[in-house]
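A.B. asks: Below you'll find the structure I mean.
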Amino acid sequence: MAKKEKSLGSFIGKTIALILCLVLVLAIIAVIVFSVGENIVFYKFYKNADKAFKIPGLWTGSVPQGFEYIEDTDTFLYTGYQKDEKTASVIYIMPEGGEGEAREVSLLNKDGSAYTGHAGGITIFEETVFIATGSGVDIFSADDVLDGDDEAKCLGKLDIDFDVAFCEVYEGRLFVGNFYREIDYETPENHHMTTPCGDKNTAVIYEFVLDSTTDLPTSYKPEMVYSIRDAIQGLAFDDEGRMILSSSWGLSKSHIYVYEKPEFVVEDGFTVSANDTTYKADLCYLDGNSLKEDIVAPPMAEELVYHDGKLYIMNEAASMKYIFGKITGAAWCYAYSLD
């Protein structure tokens with residue numbers, strides 16, 4: 001009887017081991033198929049893109065969001081909130097050329113507590129760092145961010161009359177925009193409009209002129225309001241002044257939209273409410289009339305940086321929050337060659 005029990009136990013053990021081995025083999029095959037399939041689906045993108053640098057912090061809970069480049073020091077910065085949404089959001093500073101170990105800067109509120117804002121976008125003007133978060137743009141000192149003590153304290157906030165998802169400084173002007181996704185991320189009703197070519201736009205970008213003595217907008221009235229499509233995550237400008245928008249949501253394909261400099265403007269076409277005052281601002285449409293190119297990219301593209309003829313694209317798919325990007329190419333920041 002003991003012999004039979006031993007034989008049965010051995011059989012069960014071998015069966016379990018065989019099943020585990022089979023599961024492991026199937027998992028490896030699935031990973032290979034997924035990775036190869038992703039490269040086939042996005043072949044055109046990868047063909048025109050080079051790996052710029054590995055995104056830091058992907059194993060420690062950081063979820064990449066904003067992205068910026070400092071020309072003077074050849075330095076890339078990116079913001080990320082933490083997966084637990086309790087630990088301080090961070091700025092990662094990549095050394096020259098994106099090579100070498102990145103430095104992590106923890107963000108703090110005015111009172112020294114952990115700054116846990118979404119940190120959806122980052123941009124720099126003169127001595128000031130702007131970070132997009134919630135109902136406005138938070139302000140930090142560039143010296144405080146870059147001084148090497150690995151902490152930076154929020155100095156104040158620029159209030160905007162919508163939830164800001166991304167921001168960019170270009171030619172002395174601050175651009176801030178919002179993100180629309182039905183039910184999940186609604187936008188004000190007056191941001192929903194039909195463009196001259198019939199597109200249904202659902203969000204906007206405000207353009208503010210910055211004062212070089214204060215680093216802040218000269219007025220709460222935007223110089224221009226741009227009507228944009230839904231699910232926009234980031235904005236960049238190329239050498240010709242074309243506006244480049246990144247769009248993504250979940251596992252869907254990302255899109256990089258390149259718009260020619262728009263010419264169609266409606267004077268006093270948009271109402272802005274700020275600082276208890278109502279302003280009339282000029283309105284410009286980004287739609288099919290000005291769209292030059294639609295670049296299909298891997299899921300979860302975030303903010304963009306244009307530098308030296310290439311478009312650098314941040315991605316959050318390989319973070320610990322989403323994980324799947326660890327078996328694709330999403331652990332890298334890619335430099336895409338524009339036409």
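Residue names in the structure tokens use chain letters A, B, ... in the order shown, residue numbers from 1 in each chain, and ligand numbers from 1 in the order shown.
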Quick one: residues within 12 Å of A:Ser273, only C-alpha atoms counted, chain neighbours fewer than 4 positions away excluded, as a list in words?

C.D. replies: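 Neighbouring residues, sequence-local ones excluded: Asp159, Ile160, Asp161, Phe162, Pro188, Asn190, Tyr220, Lys221, Pro222, Thr277, Thr278, Tyr279, Lys280 and Ala281 of chain A.
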
A.B. asks: Using only C-alpha atoms, which residues sit within 8 Å of A:Val176 once same-chain residues fewer than 6 positions away are excluded, as a PyMOL selection string?

C.D. replies: chain A and resi 132+164-168+205-207

A.B. asks: Would you mind exporting C-alpha atoms of the selected residues as a PDB file, in the first residue's frame?

C.D. replies:
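Saved result, result28.pdb, follows:
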ATOM      1  CA  ALA A 132       0.598  71.361 -14.763  1.00  0.00           C
ATOM      2  CA  VAL A 164      -4.584  71.850 -16.817  1.00  0.00           C
ATOM      3  CA  ALA A 165      -3.182  68.588 -18.237  1.00  0.00           C
ATOM      4  CA  PHE A 166      -0.073  69.840 -20.070  1.00  0.00           C
ATOM      5  CA  CYS A 167       2.010  72.969 -20.554  1.00  0.00           C
ATOM      6  CA  GLU A 168       4.763  74.320 -22.805  1.00  0.00           C
ATOM      7  CA  ILE A 205      -5.144  75.562 -25.162  1.00  0.00           C
ATOM      8  CA  TYR A 206      -4.593  79.046 -23.702  1.00  0.00           C
ATOM      9  CA  GLU A 207      -1.588  81.087 -24.860  1.00  0.00           C
TER      10      GLU A 207
END

A.B. asks: By how many Å are atom CA of A:Trp249 and atom CA of A:Val137 apart?

C.D. replies: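 Interatomic distance, atom CA of A:Trp249 to atom CA of A:Val137: 22.3 Å.
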
A.B. asks: I'd like to know which residues of stretch 10-241 of chain A are helix (DSSP H, G or I) (by DSSP, run on the backbone); could you write them as a ChimeraX atom specification?

C.D. replies: /A:10-41,43-47,96-98,142-146,189-191

A.B. asks: What does the distance from atom CA of A:Val105 to atom CA of A:Met314 come to in Å, to one decimal?

C.D. replies: 17.9 Å

A.B. asks: Nearest residue to A:Gln82 out of A:Pro56, A:Gly112, A:Pro262, A:Gly117, using only C-alpha atoms?

C.D. replies: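 Going through A:Pro56, A:Gly112, A:Pro262, A:Gly117 one by one, the smallest distance to A:Gln82 is for A:Gly117.
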
A.B. asks: Counting only C-alpha atoms, what is within 10 Å of A:Met224, bar same-chain residues fewer than 4 positions away, as a PDB file with C-alpha atoms, in the first residue's frame?

C.D. replies:
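So part-v2.pdb came out as:
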ATOM      1  CA  PHE A 175       0.692  77.395 -23.451  1.00  0.00           C
ATOM      2  CA  ILE A 205      -5.144  75.562 -25.162  1.00  0.00           C
ATOM      3  CA  TYR A 206      -4.593  79.046 -23.702  1.00  0.00           C
ATOM      4  CA  GLU A 207      -1.588  81.087 -24.860  1.00  0.00           C
ATOM      5  CA  PHE A 208      -0.232  83.659 -22.384  1.00  0.00           C
ATOM      6  CA  VAL A 209       2.502  86.239 -22.971  1.00  0.00           C
ATOM      7  CA  VAL A 265      -8.722  83.142 -36.368  1.00  0.00           C
ATOM      8  CA  VAL A 266     -12.052  84.340 -34.955  1.00  0.00           C
ATOM      9  CA  GLU A 267     -11.511  87.678 -33.219  1.00  0.00           C
ATOM     10  CA  ASP A 268     -13.003  87.831 -29.711  1.00  0.00           C
ATOM     11  CA  GLY A 269     -14.381  84.353 -30.364  1.00  0.00           C
ATOM     12  CA  PHE A 270     -13.921  82.852 -26.904  1.00  0.00           C
ATOM     13  CA  LYS A 280     -12.927  88.074 -24.809  1.00  0.00           C
ATOM     14  CA  ALA A 281     -10.029  86.269 -26.498  1.00  0.00           C
ATOM     15  CA  ASP A 282      -9.239  85.451 -30.116  1.00  0.00           C
ATOM     16  CA  LEU A 283      -9.960  81.843 -31.093  1.00  0.00           C
ATOM     17  CA  CYS A 284      -8.017  79.585 -33.460  1.00  0.00           C
TER      18      CYS A 284
END
